[in-house]
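Containing PDB, C-alpha atoms and all ligand atoms: model_9.pdb.
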```pdb
ATOM      1  CA  MET A 194     -22.770   6.986  15.493
ATOM      2  CA  SER A 195     -19.521   8.898  15.101
ATOM      3  CA  ARG A 196     -17.896   9.160  11.715
ATOM      4  CA  ILE A 197     -14.573  10.171  13.230
ATOM      5  CA  ILE A 198     -11.821   7.605  13.000
ATOM      6  CA  ASN A 199      -8.474   8.044  14.699
ATOM      7  CA  VAL A 200      -5.800   6.778  12.348
ATOM      8  CA  ALA A 201      -2.157   5.936  13.018
ATOM      9  CA  ALA A 202       0.085   5.900   9.962
ATOM     10  CA  ALA A 203       2.774   3.546  11.250
ATOM     11  CA  GLN A 204       5.967   4.281   9.348
ATOM     12  CA  LEU A 205       8.743   1.718   9.603
ATOM     13  CA  GLY A 206      12.417   2.495   9.410
ATOM     14  CA  PRO A 207      14.607   0.114   7.407
ATOM     15  CA  ILE A 208      14.350  -3.643   7.751
ATOM     16  CA  GLN A 209      17.633  -5.388   6.990
ATOM     17  CA  LYS A 210      17.900  -8.850   5.429
ATOM     18  CA  SER A 211      19.307 -10.225   8.683
ATOM     19  CA  ASP A 212      16.362  -8.961  10.775
ATOM     20  CA  SER A 213      14.085 -11.839  11.713
ATOM     21  CA  LYS A 214      10.329 -11.626  11.121
ATOM     22  CA  ARG A 215       9.943 -11.995  14.876
ATOM     23  CA  ASP A 216      12.021  -8.807  15.389
ATOM     24  CA  VAL A 217       9.951  -6.941  12.835
ATOM     25  CA  ILE A 218       6.685  -8.097  14.377
ATOM     26  CA  ASP A 219       7.881  -6.747  17.734
ATOM     27  CA  ARG A 220       8.262  -3.350  16.048
ATOM     28  CA  LEU A 221       4.740  -3.598  14.632
ATOM     29  CA  LEU A 222       3.408  -4.512  18.079
ATOM     30  CA  ALA A 223       5.147  -1.490  19.624
ATOM     31  CA  HIS A 224       3.363   0.673  17.036
ATOM     32  CA  MET A 225       0.030  -0.953  17.908
ATOM     33  CA  TYR A 226       0.474  -0.381  21.634
ATOM     34  CA  ASN A 227       1.542   3.253  21.132
ATOM     35  CA  ALA A 228      -1.340   3.901  18.750
ATOM     36  CA  HIS A 229      -3.768   2.389  21.237
ATOM     37  CA  ARG A 230      -2.355   4.587  24.014
ATOM     38  CA  MET A 231      -3.074   7.591  21.804
ATOM     39  CA  GLY A 232      -6.662   6.550  21.183
ATOM     40  CA  CYS A 233      -6.333   5.204  17.653
ATOM     41  CA  ASP A 234      -8.900   2.973  15.975
ATOM     42  CA  VAL A 235      -6.708   1.657  13.184
ATOM     43  CA  VAL A 236      -2.971   1.321  12.501
ATOM     44  CA  VAL A 237      -1.725   1.367   8.908
ATOM     45  CA  PHE A 238       1.565  -0.399   8.159
ATOM     46  CA  PRO A 239       3.646  -0.125   4.956
ATOM     47  CA  GLU A 240       3.839  -2.381   1.920
ATOM     48  CA  LEU A 241       5.809  -5.637   2.516
ATOM     49  CA  ALA A 242       5.997  -4.697   6.177
ATOM     50  CA  LEU A 243       7.324  -8.023   7.471
ATOM     51  CA  THR A 244      10.611  -8.128   5.568
ATOM     52  CA  THR A 245      13.204  -6.097   3.787
ATOM     53  CA  PHE A 246      12.135  -4.996   0.273
ATOM     54  CA  PHE A 247      13.348  -8.256  -1.313
ATOM     55  CA  PRO A 248      12.555  -7.454  -5.005
ATOM     56  CA  ARG A 249      15.813  -5.494  -4.964
ATOM     57  CA  TRP A 250      17.666  -8.815  -5.364
ATOM     58  CA  TYR A 251      17.669 -11.349  -8.168
ATOM     59  CA  MET A 252      17.229 -14.767  -6.563
ATOM     60  CA  GLU A 253      17.370 -18.146  -8.241
ATOM     61  CA  ASP A 254      16.988 -20.341  -5.176
ATOM     62  CA  PRO A 255      13.237 -20.864  -4.548
ATOM     63  CA  GLU A 256      13.874 -21.579  -0.888
ATOM     64  CA  GLU A 257      15.632 -18.250  -0.433
ATOM     65  CA  LEU A 258      12.783 -16.459  -2.206
ATOM     66  CA  ASN A 259       9.968 -18.293  -0.426
ATOM     67  CA  ALA A 260      11.283 -17.253   2.978
ATOM     68  CA  PHE A 261      10.002 -13.733   2.255
ATOM     69  CA  TYR A 262       6.392 -14.885   1.687
ATOM     70  CA  GLU A 263       3.538 -15.786   4.040
ATOM     71  CA  THR A 264       1.674 -18.967   3.164
ATOM     72  CA  GLU A 265      -1.101 -18.288   5.669
ATOM     73  CA  MET A 266      -2.515 -15.205   7.356
ATOM     74  CA  PRO A 267      -2.603 -15.266  10.287
ATOM     75  CA  GLY A 268       0.268 -17.727  10.505
ATOM     76  CA  PRO A 269       2.215 -18.901  13.539
ATOM     77  CA  LEU A 270       4.344 -15.732  13.631
ATOM     78  CA  THR A 271       1.686 -13.192  12.673
ATOM     79  CA  GLN A 272      -1.069 -14.541  14.945
ATOM     80  CA  VAL A 273       0.138 -12.207  17.700
ATOM     81  CA  LEU A 274      -0.804  -9.177  15.583
ATOM     82  CA  PHE A 275      -4.382 -10.442  15.389
ATOM     83  CA  ASP A 276      -4.483 -11.317  19.103
ATOM     84  CA  THR A 277      -3.185  -7.863  19.972
ATOM     85  CA  ALA A 278      -5.713  -6.172  17.685
ATOM     86  CA  LYS A 279      -8.499  -7.973  19.506
ATOM     87  CA  LYS A 280      -7.048  -7.342  22.958
ATOM     88  CA  LEU A 281      -6.585  -3.605  22.323
ATOM     89  CA  GLY A 282      -9.602  -3.115  20.092
ATOM     90  CA  VAL A 283      -7.455  -1.640  17.330
ATOM     91  CA  GLY A 284      -7.753  -2.561  13.652
ATOM     92  CA  PHE A 285      -4.796  -2.681  11.286
ATOM     93  CA  CYS A 286      -3.814  -2.701   7.643
ATOM     94  CA  LEU A 287      -0.767  -4.813   6.796
ATOM     95  CA  GLY A 288       1.234  -5.268   3.606
ATOM     96  CA  TYR A 289       3.017  -8.576   3.038
ATOM     97  CA  ALA A 290       4.146 -11.017   0.345
ATOM     98  CA  GLU A 291       1.575 -13.783  -0.131
ATOM     99  CA  LEU A 292       2.209 -17.262  -1.488
ATOM    100  CA  SER A 293      -1.066 -19.105  -1.815
ATOM    101  CA  LYS A 294      -2.419 -22.156  -3.585
ATOM    102  CA  GLU A 295      -5.628 -21.684  -5.545
ATOM    103  CA  GLU A 296      -7.055 -24.318  -7.857
ATOM    104  CA  ASP A 297      -3.883 -26.431  -7.829
ATOM    105  CA  ARG A 298      -1.638 -23.544  -8.739
ATOM    106  CA  TYR A 299       0.632 -21.370  -6.628
ATOM    107  CA  HIS A 300       0.170 -17.611  -6.733
ATOM    108  CA  ARG A 301       2.456 -14.888  -5.472
ATOM    109  CA  TYR A 302       0.944 -11.529  -4.668
ATOM    110  CA  ASN A 303       2.004  -8.238  -3.157
ATOM    111  CA  THR A 304      -0.888  -8.139  -0.710
ATOM    112  CA  SER A 305      -2.473  -5.949   1.898
ATOM    113  CA  ILE A 306      -5.213  -6.839   4.337
ATOM    114  CA  LEU A 307      -7.552  -4.767   6.449
ATOM    115  CA  VAL A 308      -8.254  -6.261   9.856
ATOM    116  CA  GLY A 309     -11.067  -5.112  12.154
ATOM    117  CA  LYS A 310     -10.990  -4.424  15.885
ATOM    118  CA  ASP A 311     -12.368  -7.927  16.391
ATOM    119  CA  SER A 312      -9.288  -9.290  14.533
ATOM    120  CA  ARG A 313     -11.290 -10.559  11.586
ATOM    121  CA  ILE A 314      -9.956  -9.936   8.066
ATOM    122  CA  ILE A 315     -12.344  -7.435   6.483
ATOM    123  CA  GLY A 316     -10.704  -7.241   3.079
ATOM    124  CA  LYS A 317      -7.724  -8.379   1.066
ATOM    125  CA  TYR A 318      -6.111  -6.526  -1.851
ATOM    126  CA  HIS A 319      -3.555  -7.723  -4.438
ATOM    127  CA  LYS A 320      -1.351  -4.951  -5.852
ATOM    128  CA  VAL A 321      -2.474  -4.056  -9.372
ATOM    129  CA  HIS A 322       0.327  -1.798 -10.682
ATOM    130  CA  LEU A 323       3.567  -3.778 -10.355
ATOM    131  CA  PRO A 324       6.537  -1.587 -11.253
ATOM    132  CA  GLY A 325      10.039  -2.590 -12.275
ATOM    133  CA  HIS A 326      11.117  -5.481 -14.486
ATOM    134  CA  GLN A 327      11.001  -9.253 -14.867
ATOM    135  CA  GLU A 328      14.529 -10.242 -15.845
ATOM    136  CA  HIS A 329      17.809  -9.702 -14.062
ATOM    137  CA  GLU A 330      19.314  -6.351 -15.105
ATOM    138  CA  PRO A 331      22.891  -6.436 -13.772
ATOM    139  CA  TRP A 332      23.609  -2.826 -14.832
ATOM    140  CA  ARG A 333      21.316  -1.543 -12.081
ATOM    141  CA  GLU A 334      22.650  -0.531  -8.707
ATOM    142  CA  PHE A 335      19.800  -2.646  -7.324
ATOM    143  CA  GLN A 336      16.991  -4.612  -8.896
ATOM    144  CA  HIS A 337      13.256  -3.902  -8.806
ATOM    145  CA  LEU A 338      11.877  -7.350  -9.648
ATOM    146  CA  GLU A 339       8.231  -6.986  -8.642
ATOM    147  CA  LYS A 340       7.168  -8.137 -12.106
ATOM    148  CA  ARG A 341       9.144 -11.357 -11.529
ATOM    149  CA  TYR A 342       8.101 -12.115  -7.978
ATOM    150  CA  PHE A 343       4.412 -11.147  -8.054
ATOM    151  CA  GLU A 344       1.350 -11.709 -10.160
ATOM    152  CA  ALA A 345      -0.707  -8.554 -10.767
ATOM    153  CA  GLY A 346      -3.943  -8.161  -8.854
ATOM    154  CA  LYS A 347      -7.102  -8.005 -10.931
ATOM    155  CA  LYS A 348      -9.285  -5.438  -9.243
ATOM    156  CA  PHE A 349      -9.699  -2.558  -6.841
ATOM    157  CA  SER A 350     -12.336  -3.131  -4.180
ATOM    158  CA  VAL A 351     -13.807  -1.297  -1.219
ATOM    159  CA  TRP A 352     -15.167  -2.608   2.064
ATOM    160  CA  PRO A 353     -17.484  -1.201   4.714
ATOM    161  CA  ALA A 354     -15.372  -0.727   7.845
ATOM    162  CA  PHE A 355     -14.980   1.645  10.813
ATOM    163  CA  ASN A 356     -18.292   3.371   9.964
ATOM    164  CA  GLY A 357     -17.094   4.228   6.485
ATOM    165  CA  ILE A 358     -16.048   2.827   3.101
ATOM    166  CA  PHE A 359     -12.410   1.768   2.880
ATOM    167  CA  GLY A 360     -10.142   0.989  -0.054
ATOM    168  CA  MET A 361      -6.561  -0.269  -0.211
ATOM    169  CA  ALA A 362      -3.724   0.349  -2.654
ATOM    170  CA  LEU A 363       0.014  -0.348  -2.638
ATOM    171  CA  CYS A 364       2.963   1.836  -3.501
ATOM    172  CA  ASN A 365       3.176   2.284  -7.285
ATOM    173  CA  ASP A 366      -0.655   2.292  -7.406
ATOM    174  CA  ARG A 367      -0.520   5.744  -5.838
ATOM    175  CA  ARG A 368       1.045   7.243  -8.957
ATOM    176  CA  TRP A 369      -1.929   6.259 -11.132
ATOM    177  CA  SER A 370      -5.018   8.455 -11.067
ATOM    178  CA  GLU A 371      -7.163   5.423 -11.971
ATOM    179  CA  THR A 372      -6.451   3.893  -8.578
ATOM    180  CA  TYR A 373      -8.193   6.655  -6.655
ATOM    181  CA  ARG A 374     -10.947   7.156  -9.202
ATOM    182  CA  VAL A 375     -11.890   3.470  -9.422
ATOM    183  CA  LEU A 376     -11.991   3.284  -5.619
ATOM    184  CA  ALA A 377     -13.920   6.561  -5.311
ATOM    185  CA  LEU A 378     -16.452   5.412  -7.888
ATOM    186  CA  GLN A 379     -17.161   2.568  -5.482
ATOM    187  CA  GLY A 380     -17.597   5.111  -2.678
ATOM    188  CA  ALA A 381     -14.166   5.033  -0.988
ATOM    189  CA  GLU A 382     -13.893   7.508   1.860
ATOM    190  CA  MET A 383     -10.462   6.437   3.048
ATOM    191  CA  ILE A 384      -7.678   4.802   1.033
ATOM    192  CA  LEU A 385      -4.956   2.984   2.961
ATOM    193  CA  LEU A 386      -1.714   2.824   1.062
ATOM    194  CA  GLY A 387       1.678   1.453   2.080
ATOM    195  CA  TYR A 388       4.835   1.986   0.049
ATOM    196  CA  ASN A 389       8.565   1.203  -0.396
ATOM    197  CA  THR A 390      10.112   3.830  -2.640
ATOM    198  CA  PRO A 391      13.844   4.076  -3.268
ATOM    199  CA  VAL A 392      15.145   7.620  -3.653
ATOM    200  CA  HIS A 393      17.145   6.472  -6.666
ATOM    201  CA  ASN A 394      15.312   5.179  -9.728
ATOM    202  CA  PRO A 395      18.026   3.550 -11.906
ATOM    203  CA  PRO A 396      16.279   4.045 -15.295
ATOM    204  CA  ALA A 397      15.479   7.717 -14.530
ATOM    205  CA  PRO A 398      17.986   9.176 -12.050
ATOM    206  CA  GLU A 399      16.857  12.654 -13.113
ATOM    207  CA  HIS A 400      13.707  12.048 -11.025
ATOM    208  CA  ASP A 401      15.617  11.319  -7.817
ATOM    209  CA  ASP A 402      15.559  14.882  -6.479
ATOM    210  CA  LEU A 403      11.800  14.996  -7.030
ATOM    211  CA  SER A 404      10.946  11.755  -5.228
ATOM    212  CA  MET A 405       9.385  13.409  -2.168
ATOM    213  CA  PHE A 406       7.601  16.000  -4.297
ATOM    214  CA  HIS A 407       6.069  13.295  -6.492
ATOM    215  CA  ASN A 408       5.076  11.290  -3.433
ATOM    216  CA  ARG A 409       2.944  14.102  -2.064
ATOM    217  CA  LEU A 410       1.812  15.360  -5.462
ATOM    218  CA  VAL A 411       0.068  12.107  -6.386
ATOM    219  CA  MET A 412      -1.479  11.380  -3.006
ATOM    220  CA  GLN A 413      -2.730  14.938  -2.424
ATOM    221  CA  ALA A 414      -4.199  15.117  -5.923
ATOM    222  CA  GLY A 415      -5.780  11.661  -5.511
ATOM    223  CA  ALA A 416      -7.403  12.690  -2.241
ATOM    224  CA  TYR A 417      -8.757  16.019  -3.478
ATOM    225  CA  GLN A 418      -9.951  14.888  -6.910
ATOM    226  CA  ASN A 419     -11.904  12.072  -5.329
ATOM    227  CA  GLY A 420     -13.038  13.636  -2.059
ATOM    228  CA  THR A 421     -11.373  10.928   0.007
ATOM    229  CA  TRP A 422      -8.910  10.556   2.848
ATOM    230  CA  VAL A 423      -5.557   9.039   1.872
ATOM    231  CA  VAL A 424      -3.191   7.448   4.379
ATOM    232  CA  GLY A 425       0.250   6.962   2.810
ATOM    233  CA  VAL A 426       2.732   4.963   4.884
ATOM    234  CA  ALA A 427       6.410   4.475   4.063
ATOM    235  CA  LYS A 428       9.080   1.968   4.837
ATOM    236  CA  ALA A 429      11.912   4.468   5.027
ATOM    237  CA  GLY A 430      15.615   4.944   5.519
ATOM    238  CA  ASN A 431      18.715   3.061   4.514
ATOM    239  CA  GLU A 432      17.796  -0.544   3.819
ATOM    240  CA  GLU A 433      20.709  -2.696   2.661
ATOM    241  CA  ASN A 434      22.439   0.378   1.190
ATOM    242  CA  CYS A 435      19.327   1.448  -0.644
ATOM    243  CA  GLU A 436      17.970   4.786   0.551
ATOM    244  CA  MET A 437      14.173   4.747   0.797
ATOM    245  CA  ILE A 438      12.043   7.883   0.984
ATOM    246  CA  GLY A 439       9.946   8.548   4.082
ATOM    247  CA  GLY A 440       7.128  11.045   3.760
ATOM    248  CA  THR A 441       4.422   9.126   5.603
ATOM    249  CA  CYS A 442       1.358  11.340   5.826
ATOM    250  CA  ILE A 443      -2.383  11.522   6.266
ATOM    251  CA  ILE A 444      -4.235  13.610   3.693
ATOM    252  CA  ALA A 445      -7.723  15.057   4.037
ATOM    253  CA  PRO A 446     -10.316  15.158   1.220
ATOM    254  CA  SER A 447      -9.315  18.812   0.776
ATOM    255  CA  GLY A 448      -5.914  17.569  -0.381
ATOM    256  CA  GLU A 449      -4.248  19.017   2.711
ATOM    257  CA  VAL A 450      -1.690  17.047   4.703
ATOM    258  CA  VAL A 451      -3.020  16.913   8.266
ATOM    259  CA  ALA A 452      -0.318  14.757   9.878
ATOM    260  CA  ALA A 453       3.129  13.653   8.782
ATOM    261  CA  CYS A 454       6.234  11.824   9.981
ATOM    262  CA  SER A 455       9.434  13.814  10.218
ATOM    263  CA  THR A 456      12.017  11.029  10.490
ATOM    264  CA  LYS A 457      13.044   7.997   8.446
ATOM    265  CA  GLY A 458      12.608   5.615  11.360
ATOM    266  CA  ASP A 459       9.760   3.895  13.175
ATOM    267  CA  GLU A 460       7.315   6.736  13.795
ATOM    268  CA  LEU A 461       3.568   7.278  14.067
ATOM    269  CA  ALA A 462       1.674  10.085  12.352
ATOM    270  CA  ILE A 463      -1.749  10.389  13.915
ATOM    271  CA  ALA A 464      -4.895  12.188  12.838
ATOM    272  CA  SER A 465      -8.497  12.324  13.837
ATOM    273  CA  CYS A 466     -10.246  11.858  10.502
ATOM    274  CA  ASP A 467     -13.858  12.846   9.993
ATOM    275  CA  LEU A 468     -15.222  10.696   7.182
ATOM    276  CA  ASP A 469     -18.091  13.146   6.771
ATOM    277  CA  LEU A 470     -15.584  15.667   5.391
ATOM    278  CA  CYS A 471     -15.698  13.658   2.166
ATOM    279  CA  THR A 472     -19.280  14.746   1.566
ATOM    280  CA  SER A 473     -18.348  18.366   1.057
ATOM    281  CA  TYR A 474     -16.269  17.327  -1.992
ATOM    282  CA  LYS A 475     -18.242  14.320  -3.193
ATOM    283  CA  SER A 476     -21.489  16.306  -3.259
ATOM    284  CA  THR A 477     -20.210  19.512  -4.882
ATOM    285  CA  ILE A 478     -17.135  20.010  -7.070
ATOM    286  CA  PHE A 479     -16.544  16.241  -7.435
ATOM    287  CA  ASN A 480     -20.144  15.078  -7.569
ATOM    288  CA  PHE A 481     -19.439  12.256 -10.022
ATOM    289  CA  GLU A 482     -23.056  11.612 -10.933
ATOM    290  CA  LYS A 483     -23.732  15.231 -11.732
ATOM    291  CA  HIS A 484     -20.524  16.377 -13.390
ATOM    292  CA  ARG A 485     -18.592  13.418 -14.824
ATOM    293  CA  ARG A 486     -18.961  12.803 -18.569
ATOM    294  CA  PRO A 487     -18.243   9.105 -19.037
ATOM    295  CA  GLU A 488     -19.631   9.234 -22.571
ATOM    296  CA  ALA A 489     -16.576  11.354 -23.452
ATOM    297  CA  TYR A 490     -14.131   8.949 -21.811
ATOM    298  CA  GLY A 491     -14.719   5.901 -24.042
ATOM    299  CA  LEU A 492     -11.138   5.313 -25.143
ATOM    300  CA  ILE A 493      -9.964   2.582 -27.484
ATOM    301  CA  THR A 494      -6.526   1.100 -26.797
ATOM    302  CA  ALA A 495      -4.330   1.403 -29.869
ATOM    303  CA  GLN A 496      -2.431  -1.839 -29.183
ATOM    304  CA  LYS A 497      -5.290  -4.223 -28.584
ATOM    305  CA  GLY A 498      -8.308  -2.548 -30.110
ATOM    306  CA  ALA A 499     -10.127  -3.339 -26.912
ATOM    307  CA  ILE A 500     -12.689  -0.947 -25.556
ATOM    308  CA  ILE A 501     -11.794   0.215 -22.091
ATOM    309  CA  PRO A 502     -14.807  -0.351 -19.905
ATOM    310  CA  GLN A 503     -16.552   2.757 -18.647
ATOM    311  CA  PHE A 504     -16.123   3.361 -14.986
TER     312      PHE A 504
HETATM  313  N1  LIG A 601       7.238  -0.608  -4.317
HETATM  314  C1  LIG A 601       6.971   0.207  -5.343
HETATM  315  O1  LIG A 601       5.967   0.070  -6.019
HETATM  316  N2  LIG A 601       7.904   1.136  -5.626
HETATM  317  C2  LIG A 601       7.845   1.970  -6.776
HETATM  318  C3  LIG A 601       9.212   2.263  -7.247
HETATM  319  C4  LIG A 601       9.187   2.780  -8.601
HETATM  320  S1  LIG A 601      10.711   2.707  -9.381
HETATM  321  C5  LIG A 601      10.715   1.168 -10.077
HETATM  322  C6  LIG A 601       7.091   3.283  -6.555
HETATM  323  O2  LIG A 601       6.303   3.640  -7.417
HETATM  324  O3  LIG A 601       7.328   3.958  -5.553
END
```
Can you present the structure in this file as structure tokens?
Amino acid sequence: MSRIINVAAAQLGPIQKSDSKRDVIDRLLAHMYNAHRMGCDVVVFPELALTTFFPRWYMEDPEELNAFYETEMPGPLTQVLFDTAKKLGVGFCLGYAELSKEEDRYHRYNTSILVGKDSRIIGKYHKVHLPGHQEHEPWREFQHLEKRYFEAGKKFSVWPAFNGIFGMALCNDRRWSETYRVLALQGAEMILLGYNTPVHNPPAPEHDDLSMFHNRLVMQAGAYQNGTWVVGVAKAGNEENCEMIGGTCIIAPSGEVVAACSTKGDELAIASCDLDLCTSYKSTIFNFEKHRRPEAYGLITAQKGAIIPQF
């Protein structure tokens, strides 16, 4: 059985507020067909891939807000993605806003799903690290209201898929070393990660010039330090006057970028990824069992006095 998986990192250019979900889904389908033509096994789409990045607006009207969420997956509009996956024999990873009812309560999550070649949902992930703020901050050029519009996910998980072990993460998660380590401790060999990152960060404009550097820095370090593939996929370009970074790339367990997009539009970066390459790192320099010292990592949080669980 081959451990090589052909991956398409399916960058999306901007999605404007006036673009219908139907229009966006047509763009996703075009990516799926092109990826299939190039022999890909799985297509990775960005975070919140069905709409514009709506947390940039403060909204009071629940109807206006709810229009950005999916209440079922697949739903009437997204079913075609699943049908196409099955028809082509291509899996996909999709980020979207989820509005679901659990135990008589509504939940809003920044979600991503991994779908197999048979169109079945293999795994679902709720974004853990939600950046930004909760209240309207009119001084900003644009808002970043993820803390208002989403509930934080509670765990990082991995799933057996495509002859390997797969994990998912979303955008701001990629800046936190814990994300990769917690997934790698569960055996992750490939981490699929979509993002929406504005070039300009209103509270820290001094970071703006470094946005692309930081993007690669965190993902390359995460891949190498955990002996895992990382597939980072952007929604890029000028979205509603907000410039978003591109930088979609596929990173090997060596930390090297092996494929990358060069535009800020709809573009595929494709790589043939050997999951067995992880072993060279996971069994030597980053052999966790042999070299980690969890007994030295037992931190106590100053604020809560709670012991952070060992992982
Ligand atoms: N979508 C997302 O998580 N974006 C953040 C922006 C940080 S600035 C509030 C990111 O980390 O790229």
**Item:** Residues within 7 Å of range 236-243 of chain A, only C-alpha atoms, excluding chain neighbours under 5 positions, as a ChimeraX atom specification
**Value:** /A:200-204,214,217-218,225,228,284-290,363-364,385,387-389,426-428
May I have the residues at most 8 Å from (-20.3, 6.3, 6.3) in the file's coordinates, counting all atoms listed in the file, as a PDB file with C-alpha atoms, keeping the file's coordinate frame?
```pdb
ATOM      1  CA  ARG A 196     -17.896   9.160  11.715  1.00  0.00           C
ATOM      2  CA  ASN A 356     -18.292   3.371   9.964  1.00  0.00           C
ATOM      3  CA  GLY A 357     -17.094   4.228   6.485  1.00  0.00           C
ATOM      4  CA  ILE A 358     -16.048   2.827   3.101  1.00  0.00           C
ATOM      5  CA  GLU A 382     -13.893   7.508   1.860  1.00  0.00           C
ATOM      6  CA  LEU A 468     -15.222  10.696   7.182  1.00  0.00           C
ATOM      7  CA  ASP A 469     -18.091  13.146   6.771  1.00  0.00           C
TER       8      ASP A 469
END
```
Once you add 4 Å to each side, what are the centre and edge lengths of the axis-aligned box holding all listed atoms of ligand LIG 601 (chain A)? One decimal in Å, as JSON, if you can.
```
{"center_x": 8.3, "center_y": 1.7, "center_z": -7.2, "size_x": 12.7, "size_y": 12.6, "size_z": 13.8}
```
**Message:** For this structure, which residues satisfy the selection - the PyMOL selection byres (((not hetatm)) within 9 of (chain A and resi 601)) - when it is evaluated on the file as given? I want them as JSON, numbers by chain.
**Reply:** {"A": [240, 241, 246, 248, 320, 322, 323, 324, 325, 326, 336, 337, 338, 339, 363, 364, 365, 366, 367, 368, 387, 388, 389, 390, 391, 392, 393, 394, 395, 396, 397, 404, 408, 438]}
Distance criterion (all atoms listed in the file): nearest to Asn303 in chain A out of A:Cys466, A:Ala377, A:Ala362, A:Ile315
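The closest residue to Asn303 in chain A is A:Ala362.
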Complete range 250-255 of chain A at the level of all heavy atoms, written as a PDB file, in the frame of the given file.
```
ATOM      1  N   TRP A 250      16.665  -7.796  -5.038  1.00  0.00           N
ATOM      2  CA  TRP A 250      17.666  -8.815  -5.364  1.00  0.00           C
ATOM      3  C   TRP A 250      17.129  -9.830  -6.355  1.00  0.00           C
ATOM      4  O   TRP A 250      15.969 -10.256  -6.248  1.00  0.00           O
ATOM      5  CB  TRP A 250      18.100  -9.579  -4.108  1.00  0.00           C
ATOM      6  CG  TRP A 250      18.867  -8.754  -3.140  1.00  0.00           C
ATOM      7  CD1 TRP A 250      20.151  -8.325  -3.259  1.00  0.00           C
ATOM      8  CD2 TRP A 250      18.394  -8.254  -1.879  1.00  0.00           C
ATOM      9  NE1 TRP A 250      20.514  -7.590  -2.145  1.00  0.00           N
ATOM     10  CE2 TRP A 250      19.457  -7.531  -1.290  1.00  0.00           C
ATOM     11  CE3 TRP A 250      17.190  -8.349  -1.176  1.00  0.00           C
ATOM     12  CZ2 TRP A 250      19.341  -6.912  -0.045  1.00  0.00           C
ATOM     13  CZ3 TRP A 250      17.070  -7.733   0.055  1.00  0.00           C
ATOM     14  CH2 TRP A 250      18.140  -7.021   0.606  1.00  0.00           C
ATOM     15  N   TYR A 251      17.998 -10.243  -7.271  1.00  0.00           N
ATOM     16  CA  TYR A 251      17.669 -11.349  -8.168  1.00  0.00           C
ATOM     17  C   TYR A 251      18.008 -12.653  -7.443  1.00  0.00           C
ATOM     18  O   TYR A 251      19.133 -12.844  -7.000  1.00  0.00           O
ATOM     19  CB  TYR A 251      18.489 -11.224  -9.457  1.00  0.00           C
ATOM     20  CG  TYR A 251      18.285 -12.370 -10.414  1.00  0.00           C
ATOM     21  CD1 TYR A 251      17.094 -12.507 -11.102  1.00  0.00           C
ATOM     22  CD2 TYR A 251      19.299 -13.314 -10.628  1.00  0.00           C
ATOM     23  CE1 TYR A 251      16.900 -13.559 -11.982  1.00  0.00           C
ATOM     24  CE2 TYR A 251      19.118 -14.361 -11.503  1.00  0.00           C
ATOM     25  CZ  TYR A 251      17.910 -14.483 -12.173  1.00  0.00           C
ATOM     26  OH  TYR A 251      17.725 -15.527 -13.035  1.00  0.00           O
ATOM     27  N   MET A 252      17.009 -13.505  -7.286  1.00  0.00           N
ATOM     28  CA  MET A 252      17.229 -14.767  -6.563  1.00  0.00           C
ATOM     29  C   MET A 252      16.838 -15.944  -7.441  1.00  0.00           C
ATOM     30  O   MET A 252      15.773 -15.925  -8.070  1.00  0.00           O
ATOM     31  CB  MET A 252      16.365 -14.788  -5.276  1.00  0.00           C
ATOM     32  CG  MET A 252      16.870 -13.868  -4.190  1.00  0.00           C
ATOM     33  SD  MET A 252      15.718 -13.790  -2.805  1.00  0.00           S
ATOM     34  CE  MET A 252      14.775 -12.326  -3.219  1.00  0.00           C
ATOM     35  N   GLU A 253      17.687 -16.951  -7.454  1.00  0.00           N
ATOM     36  CA  GLU A 253      17.370 -18.146  -8.241  1.00  0.00           C
ATOM     37  C   GLU A 253      16.928 -19.303  -7.370  1.00  0.00           C
ATOM     38  O   GLU A 253      16.253 -20.217  -7.826  1.00  0.00           O
ATOM     39  CB  GLU A 253      18.584 -18.552  -9.084  1.00  0.00           C
ATOM     40  CG  GLU A 253      18.749 -17.653 -10.290  1.00  0.00           C
ATOM     41  CD  GLU A 253      19.964 -17.968 -11.131  1.00  0.00           C
ATOM     42  OE1 GLU A 253      20.998 -18.386 -10.559  1.00  0.00           O
ATOM     43  OE2 GLU A 253      19.869 -17.795 -12.354  1.00  0.00           O
ATOM     44  N   ASP A 254      17.306 -19.252  -6.099  1.00  0.00           N
ATOM     45  CA  ASP A 254      16.988 -20.341  -5.176  1.00  0.00           C
ATOM     46  C   ASP A 254      15.566 -20.144  -4.632  1.00  0.00           C
ATOM     47  O   ASP A 254      15.313 -19.189  -3.886  1.00  0.00           O
ATOM     48  CB  ASP A 254      18.023 -20.312  -4.043  1.00  0.00           C
ATOM     49  CG  ASP A 254      17.705 -21.317  -2.956  1.00  0.00           C
ATOM     50  OD1 ASP A 254      16.736 -22.095  -3.110  1.00  0.00           O
ATOM     51  OD2 ASP A 254      18.430 -21.313  -1.937  1.00  0.00           O
ATOM     52  N   PRO A 255      14.628 -21.050  -4.994  1.00  0.00           N
ATOM     53  CA  PRO A 255      13.237 -20.864  -4.548  1.00  0.00           C
ATOM     54  C   PRO A 255      13.104 -20.840  -3.027  1.00  0.00           C
ATOM     55  O   PRO A 255      12.251 -20.118  -2.495  1.00  0.00           O
ATOM     56  CB  PRO A 255      12.493 -22.080  -5.114  1.00  0.00           C
ATOM     57  CG  PRO A 255      13.443 -22.809  -5.976  1.00  0.00           C
ATOM     58  CD  PRO A 255      14.816 -22.249  -5.808  1.00  0.00           C
TER      59      PRO A 255
END
```
